[in-house]
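S.K.: Take this structure, written in structure tokens, and hold onto it; I'll ask about it next.
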Amino acid sequence: MSRGTGRFRELWDEIAPIGRDAGSGGYLRYALTAPELRLREWFRAQADLRGMPVSGDGNGNLFAWWGDPDSGGPAGVGAVLTGSHFDSVPHGGAYDGPLGIVSAFLAVDELRAAGVTPVRPVVVAAFVEEEGARFGVPCLGSRLLTGEIDADRAAGLRDAAGVSFAEALGQRPAGADPALLGRFAAFVELHVEQGRALVDADAPVAVASAIWPHGRWRFELRGEGNHAGTTRMADRRDPMLTFAFTVLAANKEARLRDAHATVARVAVEPNATNAIPSTVTGWLDARAAAPETLDGLVEAVRAKAAERARRDGTELTVTRESATPLVTFDGGLADRLAGLLAAPVLPTGAGHDAGVLAAHLPTAMLFVRNPTGVSHSPAESATDADCAAGVVALARVLEELACH
């Protein structure tokens, strides 16, 4: 085992047990719940060990500074931001998010060990509620920081138990912070690859070129609740039929467009085996390579669902809960980093905090090979050797950006 691989494993083992479900092997690290709060304390402890003061932005995002926090800003040299998130999807994998934070601290260690003194501060970030698994809006922390979501709306978001984001945070979120954002010169996020492109390319690390446009839409279907045993089939107004048709329509329309459509979350009322539902609510996750393709996909699904609702005697309401436009990462920066690392360049269909920040400052992403190609699942993985290679790559990028 190389020194870099051993150092990665040592730090990784400190957080690996936190939030792991013994049954599935996946992780339950919802934002601002006990496991994620433990990870945030770990973040502060790691920063303290390195003499990196930690600040917050009033939205739940944490920032650990290597270098003078007062030297950034339009009048200064600007800091280089890196990091990711701790929260997970339900029963998700270990690497999605935390890998970027662990790697960032280790990259700082690499630079210090090499005697590097950056001209720009290097800042390690832990963003809150990136997955949107608890409060429903992905990249909530970075959206709040950049002003892409209203603070009052964010404060009122509620989880399945009725707890609001403001209650979980312990305060009303502060919202946009242009002064803090203006102190950053660039953002680089390292992330496990959520696909198999690096396996096929036989490369441990890649540079991202773009993020597909994507979003979440809530399909609410209302019918008439009734008895499963006494209501004639011809008399039913069953929203489950409309919902089932909608799921199949989403699959078909996505395949026709070479896009992605997923319906994996559903809420049924009254959710009883012997009762026809009164309401079925499903969430559509839709993604495509081009904005017009995404728009066409969602409209086609909506139109087919509406037509089926008329036939079933049900009512349909479609609400867009979040949308992220096509993100093309800073072309000059991506090319510069790809040349620096001699790494392949590839797009992704997954959303990230980097996709939000890219609209506000030069942004890049690095991907670390995932041998299974599976993500948002316990099967998500990465070898220690590849993770160590990712640390080295991130350290080189931070040196390039913070020292020149």
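Here's how to read the names in the structure tokens: chain A, B, ... by the order shown, residue numbers from 1 in each chain, ligand numbers from 1 in the order shown.
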Write out as CSV a residue-level contact list of segment 71-175 of chain A versus segment 320-337 of chain A with cut-off 8 Å: for each qualifying residue the closest pair of atoms and the distance in Å to one decimal, counting only C-alpha atoms, rows sorted by chain and residue number upward.
M.R.:
```
residue,atom,partner,partner_atom,distance
A:Gly136,CA,A:Glu321,CA,7.9
A:Val137,CA,A:Ser322,CA,6.4
A:Pro138,CA,A:Ser322,CA,7.6
```
S.K.: Identify, on the basis of only C-alpha atoms, every residue whose closest approach to segment 296-301 of chain A does not exceed 7 Å; exclude the query and any residue fewer than 2 positions from it along the same chain; express the result as an NGL selection string.
M.R.: :A and (246 or 249-250 or 253-254 or 292-294 or 303-305)
S.K.: Residues of the last selection are to be written out with N, CA, C and O atoms, as a PDB file, in the first residue's frame.
M.R.:
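The result, stored in part.pdb:
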```pdb
ATOM      1  N   THR A 246     -48.718   7.207 -16.361  1.00  0.00           N
ATOM      2  CA  THR A 246     -47.740   8.288 -16.414  1.00  0.00           C
ATOM      3  C   THR A 246     -46.318   7.762 -16.297  1.00  0.00           C
ATOM      4  O   THR A 246     -45.405   8.211 -17.006  1.00  0.00           O
ATOM      5  N   ALA A 249     -45.440   6.229 -19.560  1.00  0.00           N
ATOM      6  CA  ALA A 249     -45.269   7.274 -20.571  1.00  0.00           C
ATOM      7  C   ALA A 249     -43.919   7.964 -20.412  1.00  0.00           C
ATOM      8  O   ALA A 249     -43.248   8.268 -21.405  1.00  0.00           O
ATOM      9  N   ALA A 250     -43.513   8.201 -19.169  1.00  0.00           N
ATOM     10  CA  ALA A 250     -42.222   8.840 -18.933  1.00  0.00           C
ATOM     11  C   ALA A 250     -41.085   7.973 -19.466  1.00  0.00           C
ATOM     12  O   ALA A 250     -40.137   8.466 -20.096  1.00  0.00           O
ATOM     13  N   GLU A 253     -41.235   8.135 -23.439  1.00  0.00           N
ATOM     14  CA  GLU A 253     -40.830   9.419 -24.010  1.00  0.00           C
ATOM     15  C   GLU A 253     -39.334   9.668 -23.819  1.00  0.00           C
ATOM     16  O   GLU A 253     -38.683  10.250 -24.698  1.00  0.00           O
ATOM     17  N   ALA A 254     -38.779   9.235 -22.693  1.00  0.00           N
ATOM     18  CA  ALA A 254     -37.342   9.407 -22.486  1.00  0.00           C
ATOM     19  C   ALA A 254     -36.540   8.566 -23.469  1.00  0.00           C
ATOM     20  O   ALA A 254     -35.544   9.026 -24.032  1.00  0.00           O
ATOM     21  N   GLU A 292     -33.864  21.942 -24.902  1.00  0.00           N
ATOM     22  CA  GLU A 292     -35.091  21.744 -25.684  1.00  0.00           C
ATOM     23  C   GLU A 292     -35.553  20.287 -25.621  1.00  0.00           C
ATOM     24  O   GLU A 292     -36.767  20.010 -25.660  1.00  0.00           O
ATOM     25  N   THR A 293     -34.609  19.373 -25.509  1.00  0.00           N
ATOM     26  CA  THR A 293     -34.983  17.965 -25.361  1.00  0.00           C
ATOM     27  C   THR A 293     -35.669  17.731 -24.029  1.00  0.00           C
ATOM     28  O   THR A 293     -36.675  17.014 -23.942  1.00  0.00           O
ATOM     29  N   LEU A 294     -35.125  18.331 -22.971  1.00  0.00           N
ATOM     30  CA  LEU A 294     -35.732  18.203 -21.650  1.00  0.00           C
ATOM     31  C   LEU A 294     -37.135  18.802 -21.629  1.00  0.00           C
ATOM     32  O   LEU A 294     -38.083  18.187 -21.119  1.00  0.00           O
ATOM     33  N   ALA A 303     -48.629  15.968 -21.090  1.00  0.00           N
ATOM     34  CA  ALA A 303     -49.769  15.862 -22.002  1.00  0.00           C
ATOM     35  C   ALA A 303     -50.380  14.465 -21.957  1.00  0.00           C
ATOM     36  O   ALA A 303     -51.611  14.318 -21.949  1.00  0.00           O
ATOM     37  N   LYS A 304     -49.551  13.445 -21.919  1.00  0.00           N
ATOM     38  CA  LYS A 304     -50.083  12.080 -21.869  1.00  0.00           C
ATOM     39  C   LYS A 304     -50.766  11.803 -20.537  1.00  0.00           C
ATOM     40  O   LYS A 304     -51.808  11.127 -20.488  1.00  0.00           O
ATOM     41  N   ALA A 305     -50.190  12.339 -19.454  1.00  0.00           N
ATOM     42  CA  ALA A 305     -50.823  12.164 -18.146  1.00  0.00           C
ATOM     43  C   ALA A 305     -52.169  12.871 -18.097  1.00  0.00           C
ATOM     44  O   ALA A 305     -53.156  12.352 -17.549  1.00  0.00           O
TER      45      ALA A 305
END
```
S.K.: To test your reading of the structure, identify every residue in segment 77-172 of chain A that backbone DSSP assigns to helix (DSSP H, G or I), and report it as number ranges by chain.
M.R.: A: 98-113, 140-146, 151-156, 165-169
S.K.: Can you list, as a ChimeraX atom specification, all residues belonging to segment 132-308 of chain A that DSSP tags as strand (DSSP E or B)?
M.R.: /A:158,164,184-192,205-211,214-222,226-227,260-269,275-276,279-287
S.K.: Pick the closest to Ala264 of chain A from A:Glu41, A:Asp384, A:Pro90, A:Gly97: which is it, counting only C-alpha atoms?
M.R.: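 Residue with the minimum atom-to-atom distance to Ala264 of chain A: A:Pro90.
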S.K.: Under the rule that only C-alpha atoms are counted, which of A:Ala289, A:Val207, A:Cys139, A:Ala267 is the nearest residue to Ala31 of chain A?
M.R.: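 Result for the nearest residue to Ala31 of chain A: A:Cys139.
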S.K.: Tell me which protein, DNA and RNA residues are within 10 Å of Gln171 of chain A, counting only C-alpha atoms, leaving out same-chain ones fewer than 3 positions away, and put them as a ChimeraX atom specification.
M.R.: /A:58-60,155,165-168,174
S.K.: Output N, CA, C and O atoms for every residue in that selection, as a short mmCIF file (atom, residue, chain, number, x, y, z; two decimals), in the first residue's frame.
M.R.:
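Ended up saving to out_13.cif:
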```cif
data_model
loop_
_atom_site.label_atom_id
_atom_site.label_comp_id
_atom_site.auth_asym_id
_atom_site.auth_seq_id
_atom_site.Cartn_x
_atom_site.Cartn_y
_atom_site.Cartn_z
N GLY A 58 -24.64 31.18 7.42
CA GLY A 58 -26.00 31.33 7.89
C GLY A 58 -27.01 30.49 7.14
O GLY A 58 -28.21 30.55 7.43
N ASN A 59 -26.53 29.69 6.19
CA ASN A 59 -27.40 28.81 5.42
C ASN A 59 -27.14 27.33 5.70
O ASN A 59 -27.78 26.47 5.10
N GLY A 60 -26.17 27.05 6.56
CA GLY A 60 -25.80 25.67 6.84
C GLY A 60 -24.53 25.23 6.14
O GLY A 60 -24.06 24.12 6.36
N ALA A 155 -36.74 28.49 3.99
CA ALA A 155 -37.03 28.35 5.42
C ALA A 155 -38.28 27.51 5.65
O ALA A 155 -38.36 26.75 6.62
N PHE A 165 -37.00 23.48 7.24
CA PHE A 165 -35.56 23.67 7.11
C PHE A 165 -35.07 24.68 8.15
O PHE A 165 -34.01 24.49 8.75
N ALA A 166 -35.84 25.74 8.39
CA ALA A 166 -35.44 26.73 9.40
C ALA A 166 -35.35 26.09 10.78
O ALA A 166 -34.41 26.38 11.55
N GLU A 167 -36.29 25.22 11.11
CA GLU A 167 -36.25 24.54 12.41
C GLU A 167 -35.03 23.63 12.52
O GLU A 167 -34.35 23.60 13.56
N ALA A 168 -34.74 22.88 11.47
CA ALA A 168 -33.58 21.99 11.49
C ALA A 168 -32.28 22.77 11.57
O ALA A 168 -31.33 22.36 12.24
N ALA A 174 -29.92 32.65 6.03
CA ALA A 174 -29.51 34.02 5.74
C ALA A 174 -29.74 34.40 4.28
O ALA A 174 -29.89 35.57 3.95
#
```
S.K.: Return the single residue from A:Leu284, A:Val188, A:Ala379, A:Ile15 that is closest to Val80 of chain A, with distances computed using only C-alpha atoms.
M.R.: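 Between A:Leu284, A:Val188, A:Ala379, A:Ile15, the residue approaching Val80 of chain A most closely is A:Val188.
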S.K.: Atom CA of Ile276 of chain A and atom CA of His227 of chain A are how many Å apart?
M.R.: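 Value for the atom CA of Ile276 of chain A-atom CA of His227 of chain A distance: 6.1 Å.
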